[in-house]
Structure formats: structure tokens, C-alpha cells
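Structure data (PDB, C-alpha atoms) from run_1.pdb:
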MODEL        1
ATOM      1  CA  MET A 209     -47.624  15.562 -38.607
ATOM      2  CA  LYS A 210     -47.827  14.471 -34.979
ATOM      3  CA  ASN A 211     -44.346  12.875 -35.122
ATOM      4  CA  PHE A 212     -42.640  15.794 -36.886
ATOM      5  CA  PRO A 213     -40.909  17.266 -33.773
ATOM      6  CA  ALA A 214     -39.434  13.860 -32.837
ATOM      7  CA  ARG A 215     -38.170  13.295 -36.398
ATOM      8  CA  ALA A 216     -36.692  16.794 -36.508
ATOM      9  CA  SER A 217     -34.778  16.297 -33.260
ATOM     10  CA  ILE A 218     -33.325  13.010 -34.518
ATOM     11  CA  LEU A 219     -32.238  14.743 -37.732
ATOM     12  CA  VAL A 220     -30.618  17.616 -35.798
ATOM     13  CA  PHE A 221     -28.767  15.129 -33.546
ATOM     14  CA  ALA A 222     -27.520  13.102 -36.526
ATOM     15  CA  ILE A 223     -26.231  16.195 -38.344
ATOM     16  CA  SER A 224     -24.600  17.724 -35.252
ATOM     17  CA  SER A 225     -22.842  14.497 -34.305
ATOM     18  CA  CYS A 226     -21.051  14.556 -37.653
ATOM     19  CA  PHE A 227     -19.280  17.748 -36.612
ATOM     20  CA  LEU A 228     -18.190  16.609 -33.125
ATOM     21  CA  PRO A 229     -14.494  15.769 -32.843
ATOM     22  CA  ALA A 230     -13.696  12.083 -32.603
ATOM     23  CA  ARG A 231     -12.656  10.973 -29.120
ATOM     24  CA  ALA A 232      -8.963  10.208 -28.927
ATOM     25  CA  GLU A 233      -8.360   6.601 -27.995
ATOM     26  CA  GLN A 234      -5.738   5.907 -25.362
ATOM     27  CA  PRO A 235      -3.226   3.275 -26.391
ATOM     28  CA  VAL A 236      -3.739  -0.153 -24.886
ATOM     29  CA  HIS A 237      -0.762  -1.361 -22.872
ATOM     30  CA  HIS A 238      -0.282  -4.974 -21.923
ATOM     31  CA  ILE A 239       1.655  -4.552 -18.703
ATOM     32  CA  THR A 240       1.185  -6.584 -15.544
ATOM     33  CA  ALA A 241       2.723  -6.085 -12.128
ATOM     34  CA  ARG A 242       3.573  -8.457  -9.302
ATOM     35  CA  VAL A 243       4.526  -7.359  -5.805
ATOM     36  CA  ALA A 244       6.601  -9.312  -3.308
ATOM     37  CA  VAL A 245       7.461  -8.102   0.194
ATOM     38  CA  GLU A 246      10.962  -8.820   1.457
ATOM     39  CA  SER A 247      10.802  -8.844   5.222
ATOM     40  CA  SER A 248      12.662  -9.547   8.413
ATOM     41  CA  ASN A 249      11.460  -9.588  11.999
ATOM     42  CA  ASP A 250      13.423  -9.453  15.229
ATOM     43  CA  TYR A 251      11.700 -10.162  18.542
ATOM     44  CA  GLN A 252      13.041  -9.288  21.974
ATOM     45  CA  LYS A 253      11.620 -10.487  25.259
ATOM     46  CA  ILE A 254      10.378  -7.771  27.589
ATOM     47  CA  LYS A 255      11.932  -8.219  31.035
ATOM     48  CA  GLY A 256       9.297  -9.248  33.587
ATOM     49  CA  SER A 257       6.663 -10.036  30.938
ATOM     50  CA  SER A 258       5.676 -12.900  28.672
ATOM     51  CA  ASP A 259       5.262 -10.450  25.746
ATOM     52  CA  ARG A 260       7.889  -9.485  23.188
ATOM     53  CA  SER A 261       8.715  -6.252  21.374
ATOM     54  CA  LYS A 262       9.416  -6.497  17.671
ATOM     55  CA  LYS A 263      11.462  -4.765  15.042
ATOM     56  CA  GLN A 264      10.391  -5.125  11.414
ATOM     57  CA  GLU A 265      11.979  -4.355   8.069
ATOM     58  CA  ARG A 266       9.953  -4.309   4.852
ATOM     59  CA  GLN A 267      10.844  -3.641   1.228
ATOM     60  CA  LEU A 268       8.584  -3.926  -1.812
ATOM     61  CA  VAL A 269       9.937  -5.683  -4.898
ATOM     62  CA  ILE A 270       7.740  -4.804  -7.880
ATOM     63  CA  ALA A 271       8.138  -6.839 -11.080
ATOM     64  CA  LEU A 272       6.704  -5.314 -14.266
ATOM     65  CA  ASP A 273       6.045  -7.560 -17.269
ATOM     66  CA  SER A 274       5.521  -5.988 -20.696
ATOM     67  CA  ARG A 275       3.681  -7.841 -23.429
ATOM     68  CA  ASP A 276       3.886  -4.825 -25.749
ATOM     69  CA  LYS A 277       6.078  -5.072 -28.825
ATOM     70  CA  ASP A 278       7.460  -1.555 -28.353
ATOM     71  CA  SER A 279       9.089  -0.045 -25.296
ATOM     72  CA  THR A 280       6.760   1.754 -22.895
ATOM     73  CA  GLY A 281       7.501   4.384 -20.270
ATOM     74  CA  VAL A 282       5.614   3.810 -17.021
ATOM     75  CA  THR A 283       5.566   5.352 -13.577
ATOM     76  CA  VAL A 284       5.291   3.072 -10.546
ATOM     77  CA  LYS A 285       3.985   4.606  -7.312
ATOM     78  CA  TRP A 286       3.834   2.847  -3.964
ATOM     79  CA  THR A 287       2.820   3.446  -0.365
ATOM     80  CA  ILE A 288       3.679   1.216   2.599
ATOM     81  CA  PHE A 289       1.206   1.327   5.487
ATOM     82  CA  GLY A 290       1.392   0.484   9.150
ATOM     83  CA  HIS A 291      -0.738   1.096  12.166
ATOM     84  CA  ALA A 292      -0.071   2.576  15.567
ATOM     85  CA  MET A 293       0.015  -0.227  18.113
ATOM     86  CA  LYS A 294      -1.621   1.982  20.740
ATOM     87  CA  ASP A 295      -4.816   2.888  18.854
ATOM     88  CA  ASN A 296      -4.579   0.997  15.503
ATOM     89  CA  LYS A 297      -4.700   4.227  13.452
ATOM     90  CA  LEU A 298      -3.553   3.746   9.864
ATOM     91  CA  LEU A 299      -0.163   5.362   9.154
ATOM     92  CA  THR A 300       1.923   5.907   6.051
ATOM     93  CA  LEU A 301       5.319   4.400   6.813
ATOM     94  CA  GLY A 302       6.848   5.241   3.455
ATOM     95  CA  ASP A 303       6.068   6.028  -0.150
ATOM     96  CA  GLY A 304       7.822   6.658  -3.402
ATOM     97  CA  SER A 305       7.762   6.439  -7.155
ATOM     98  CA  ALA A 306      10.020   5.427 -10.022
ATOM     99  CA  LYS A 307       9.950   6.016 -13.766
ATOM    100  CA  VAL A 308      10.741   2.882 -15.737
ATOM    101  CA  THR A 309      11.187   2.276 -19.443
ATOM    102  CA  LEU A 310       9.949  -1.218 -20.194
ATOM    103  CA  GLU A 311      11.492  -2.773 -23.276
ATOM    104  CA  GLY A 312       9.074  -4.749 -25.419
ATOM    105  CA  MET A 313       8.374  -8.283 -24.160
ATOM    106  CA  LYS A 314      10.706  -7.853 -21.146
ATOM    107  CA  THR A 315      10.512  -7.671 -17.357
ATOM    108  CA  ALA A 316      11.807  -4.874 -15.130
ATOM    109  CA  THR A 317      12.106  -4.763 -11.336
ATOM    110  CA  VAL A 318      11.659  -1.789  -9.015
ATOM    111  CA  LYS A 319      12.472  -1.828  -5.286
ATOM    112  CA  SER A 320      11.166   0.523  -2.627
ATOM    113  CA  ASP A 321      13.312   1.890   0.162
ATOM    114  CA  VAL A 322      13.625  -0.367   3.211
ATOM    115  CA  ILE A 323      11.181   0.622   5.956
ATOM    116  CA  ARG A 324      12.305  -0.022   9.553
ATOM    117  CA  ILE A 325       9.717   0.043  12.331
ATOM    118  CA  SER A 326       9.416  -1.191  15.889
ATOM    119  CA  GLY A 327       6.652  -1.637  18.390
ATOM    120  CA  THR A 328       5.667  -3.142  21.683
ATOM    121  CA  PRO A 329       2.169  -4.475  22.452
ATOM    122  CA  LYS A 330       0.238  -3.579  25.587
ATOM    123  CA  HIS A 331       1.708  -5.705  28.370
ATOM    124  CA  ALA A 332       2.177  -6.084  32.110
ATOM    125  CA  VAL A 333       5.561  -6.109  33.837
ATOM    126  CA  THR A 334       5.845  -8.019  37.082
ATOM    127  CA  THR A 335       8.654  -7.316  39.523
ATOM    128  CA  VAL A 336       9.505  -8.938  42.835
ATOM    129  CA  VAL A 337       9.624  -6.545  45.770
ATOM    130  CA  ASN A 338      11.516  -7.680  48.852
ATOM    131  CA  GLY A 339       9.160  -7.329  51.757
ATOM    132  CA  ARG A 340       9.545  -7.906  55.471
ATOM    133  CA  GLY A 341       7.692  -9.863  58.042
ATOM    134  CA  LYS A 342       4.968 -12.256  56.950
ATOM    135  CA  ASN A 343       5.336 -11.516  53.211
ATOM    136  CA  PRO A 344       9.056 -11.631  52.471
ATOM    137  CA  ASP A 345       8.625 -11.633  48.655
ATOM    138  CA  LYS A 346       5.812  -9.633  47.096
ATOM    139  CA  THR A 347       5.167  -9.105  43.426
ATOM    140  CA  HIS A 348       4.194  -5.819  41.872
ATOM    141  CA  THR A 349       2.528  -5.748  38.451
ATOM    142  CA  GLU A 350       2.529  -2.602  36.352
ATOM    143  CA  LYS A 351       0.530  -2.290  33.133
ATOM    144  CA  LYS A 352       2.369  -0.715  30.204
ATOM    145  CA  PRO A 353       0.562   0.761  27.165
ATOM    146  CA  ALA A 354       1.345  -0.302  23.619
ATOM    147  CA  SER A 355       3.837   1.847  21.717
ATOM    148  CA  GLY A 356       5.363   2.085  18.267
ATOM    149  CA  GLU A 357       4.111   0.924  14.896
ATOM    150  CA  GLU A 358       3.505  -2.310  13.060
ATOM    151  CA  TYR A 359       3.490  -3.120   9.319
ATOM    152  CA  TYR A 360       0.003  -3.433   7.782
ATOM    153  CA  GLY A 361       0.269  -3.546   3.976
ATOM    154  CA  TYR A 362       0.916  -1.712   0.710
ATOM    155  CA  ASN A 363      -0.635  -0.149  -2.369
ATOM    156  CA  VAL A 364       1.126  -0.090  -5.758
ATOM    157  CA  GLN A 365      -0.094   1.720  -8.871
ATOM    158  CA  VAL A 366       1.344   1.584 -12.397
ATOM    159  CA  PHE A 367       0.685   4.485 -14.795
ATOM    160  CA  ALA A 368       1.391   5.124 -18.471
ATOM    161  CA  GLY A 369       1.118   8.910 -18.543
ATOM    162  CA  ALA A 370      -2.097   9.691 -16.663
ATOM    163  CA  GLN A 371      -3.664   6.303 -17.479
ATOM    164  CA  LEU A 372      -3.816   3.883 -14.539
ATOM    165  CA  LEU A 373      -2.748   0.498 -15.889
ATOM    166  CA  GLU A 374      -2.825  -1.547 -12.724
ATOM    167  CA  GLU A 375      -3.360  -1.192  -8.988
ATOM    168  CA  ILE A 376      -2.382  -3.827  -6.441
ATOM    169  CA  ALA A 377      -3.195  -3.551  -2.738
ATOM    170  CA  SER A 378      -2.297  -6.117  -0.094
ATOM    171  CA  GLN A 379      -5.563  -5.365   1.754
ATOM    172  CA  PRO A 380      -8.868  -4.385   0.112
ATOM    173  CA  SER A 381      -9.119  -1.414   2.490
ATOM    174  CA  LEU A 382      -5.853   0.002   1.066
ATOM    175  CA  LYS A 383      -7.073   0.187  -2.536
ATOM    176  CA  SER A 384      -6.655   3.752  -3.902
ATOM    177  CA  LYS A 385      -5.276   5.040  -0.590
ATOM    178  CA  ALA A 386      -2.477   7.565  -0.174
ATOM    179  CA  VAL A 387      -0.529   6.932  -3.376
ATOM    180  CA  LYS A 388       0.811  10.332  -4.452
TER     181      LYS A 388
ENDMDL
END
Exercise: express the given structure as C-alpha cells:
Amino acid sequence: MKNFPARASILVFAISSCFLPARAEQPVHHITARVAVESSNDYQKIKGSSDRSKKQERQLVIALDSRDKDSTGVTVKWTIFGHAMKDNKLLTLGDGSAKVTLEGMKTATVKSDVIRISGTPKHAVTTVVNGRGKNPDKTHTEKKPASGEEYYGYNVQVFAGAQLLEEIASQPSLKSKAVK
């Protein structure tokens, strides 16, 4: 009789679990993603300095491979990140999404918009000042702060409905960041 309450609770649990609705299983999708970054850089010398300013262009090329037999509708979301050259704060340079229907056992490609950014690092500019007397040529150095932005990385997520199938980030710190 000492174990009666424990046995009764097990019996109540077993009977009640028979009436609970079965949990709906989400379909398993066999989809993988690969991300490549198409890029170009243009550097320009800063007059009076050994530093260079740079202009960058970046575009994500996302390849989706389906190993499902049937076609699958997926949503691809991406965010491209940069940082301010002055204080290294993380910035969102661009983001977007695309709905793609993947045919069974096929590959599809999605491209982001091209992101154009420019920036100049902290530098010093030296100019020659014409003097008189004992110092005919003097130099004057002026420190200039950093300005603009610089590319940092990306985050790409692939969804089938609300189910996250895959997430790829170029930097571990960008995982699950800012994708809408």
C-alpha cells in the first residue's frame, strides 16, 4: 500500500498521454547552400601620405542544392555587414531576400544586390611650406581621422516555411545577426 500513490500517478499519466494529440512532424528537406563573394577593390593614393583610400564592391552568390525528389519552395535571406572605419562599429550595408522554387535534385543560384562602399584609414598628410630665412622649406603634418566604411562579412539563412534549414556566416560573430 505504500507504493499506491506512485502507481496511481503512472497510470493517470499513461491514460492521459493516449488522448494528447500527436506532434506534427516537419518534413525533412535535404537542401545545402554555398556562398561565394564576388568582389572588386580599387585603391587610390592619398596625396601627401603613404596610405590609400579604397572603394569596394561586394555581391553574394548563393548556390542552393536540392537532394529532395520533389520541388521545394525556400526563402533565402541575407545581410551584408561592414564596419565604420572611424570606430569599428558593426553596420548593415545591405540585406534582402528571395523566394526560390528548387526543382528536385537540381541547383539554383540567387544573387544579392551589389554593395558599393568606400573608406579611408586614419592617416597623416604632410605638405611642404615655403619658409624664409634659415628654414627655406618646412614640412607641416596634419593628422586626418578615418572615414567611411569597410566590408566585414555576411550572414545567409535558408528557410522552408518557418523552418530554418541552413545558416552560413562568414564570421562566427555574425551568426544569427540582423537577418530580417
I would like the residues chosen by the PyMOL selection byres ((chain A and resi 299-311) around 6) on the shown file; could you give them as a PyMOL selection string?
-> chain A and resi 279-291+298+312+314
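Taking atom CA of Ala370 of chain A and atom CA of Asp273 of chain A as endpoints, the distance between them is 19.1 Å.
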Decode the PyMOL selection byres ((chain A and resi 294) around 10) for the given file into explicit residues and return them as JSON, numbers by chain.
-> {"A": [291, 292, 293, 295, 296, 297, 327, 328, 329, 330, 353, 354, 355, 356, 357]}
Using atom CA of Ser248 of chain A and atom CA of Arg266 of chain A as the two end points, give the distance in Å to one decimal.
-> 6.9 Å
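Atom CA of Lys262 of chain A to atom CA of Lys383 of chain A spans 26.9 Å [interatomic distance, one decimal].
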Report, as AutoDock Vina command-line options, the axis-aligned box around all atoms of segment 248-256 of chain A present in the file, extended by 3 Å on each side; give centre and edge lengths in Å to one decimal place.
--center_x 11.4 --center_y -9.1 --center_z 21.0 --size_x 10.1 --size_y 8.7 --size_z 31.2
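Within 8 Å of the point (6.9, -10.1, 2.1) in file coordinates, and counting all atoms listed in the file, lie the residues Ala244, Val245, Glu246, Ser247, Arg266, Gln267 and Leu268 of chain A.
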The selected residues should be written to file as a PDB file, in the coordinates of the input (atoms: C-alpha atoms).
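Here's the written file out-v9.pdb:
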ATOM      1  CA  ALA A 244       6.601  -9.312  -3.308  1.00  0.00           C
ATOM      2  CA  VAL A 245       7.461  -8.102   0.194  1.00  0.00           C
ATOM      3  CA  GLU A 246      10.962  -8.820   1.457  1.00  0.00           C
ATOM      4  CA  SER A 247      10.802  -8.844   5.222  1.00  0.00           C
ATOM      5  CA  ARG A 266       9.953  -4.309   4.852  1.00  0.00           C
ATOM      6  CA  GLN A 267      10.844  -3.641   1.228  1.00  0.00           C
ATOM      7  CA  LEU A 268       8.584  -3.926  -1.812  1.00  0.00           C
TER       8      LEU A 268
END
Decode the PyMOL selection byres ((chain A and resi 335) around 10) for the given file into explicit residues and return them as a VMD selection string.
-> chain A and resid 255 to 257 332 to 334 336 to 338 346 to 350
Would you kindly return, as a list in words, each protein, DNA or RNA residue with an atom no farther than 8 Å from any atom of Ile376 of chain A, considering all atoms listed in the file and excluding same-chain residues fewer than 3 positions away?
-> Ala241, Val243, Asn363, Val364, Gln365 and Lys383 of chain A
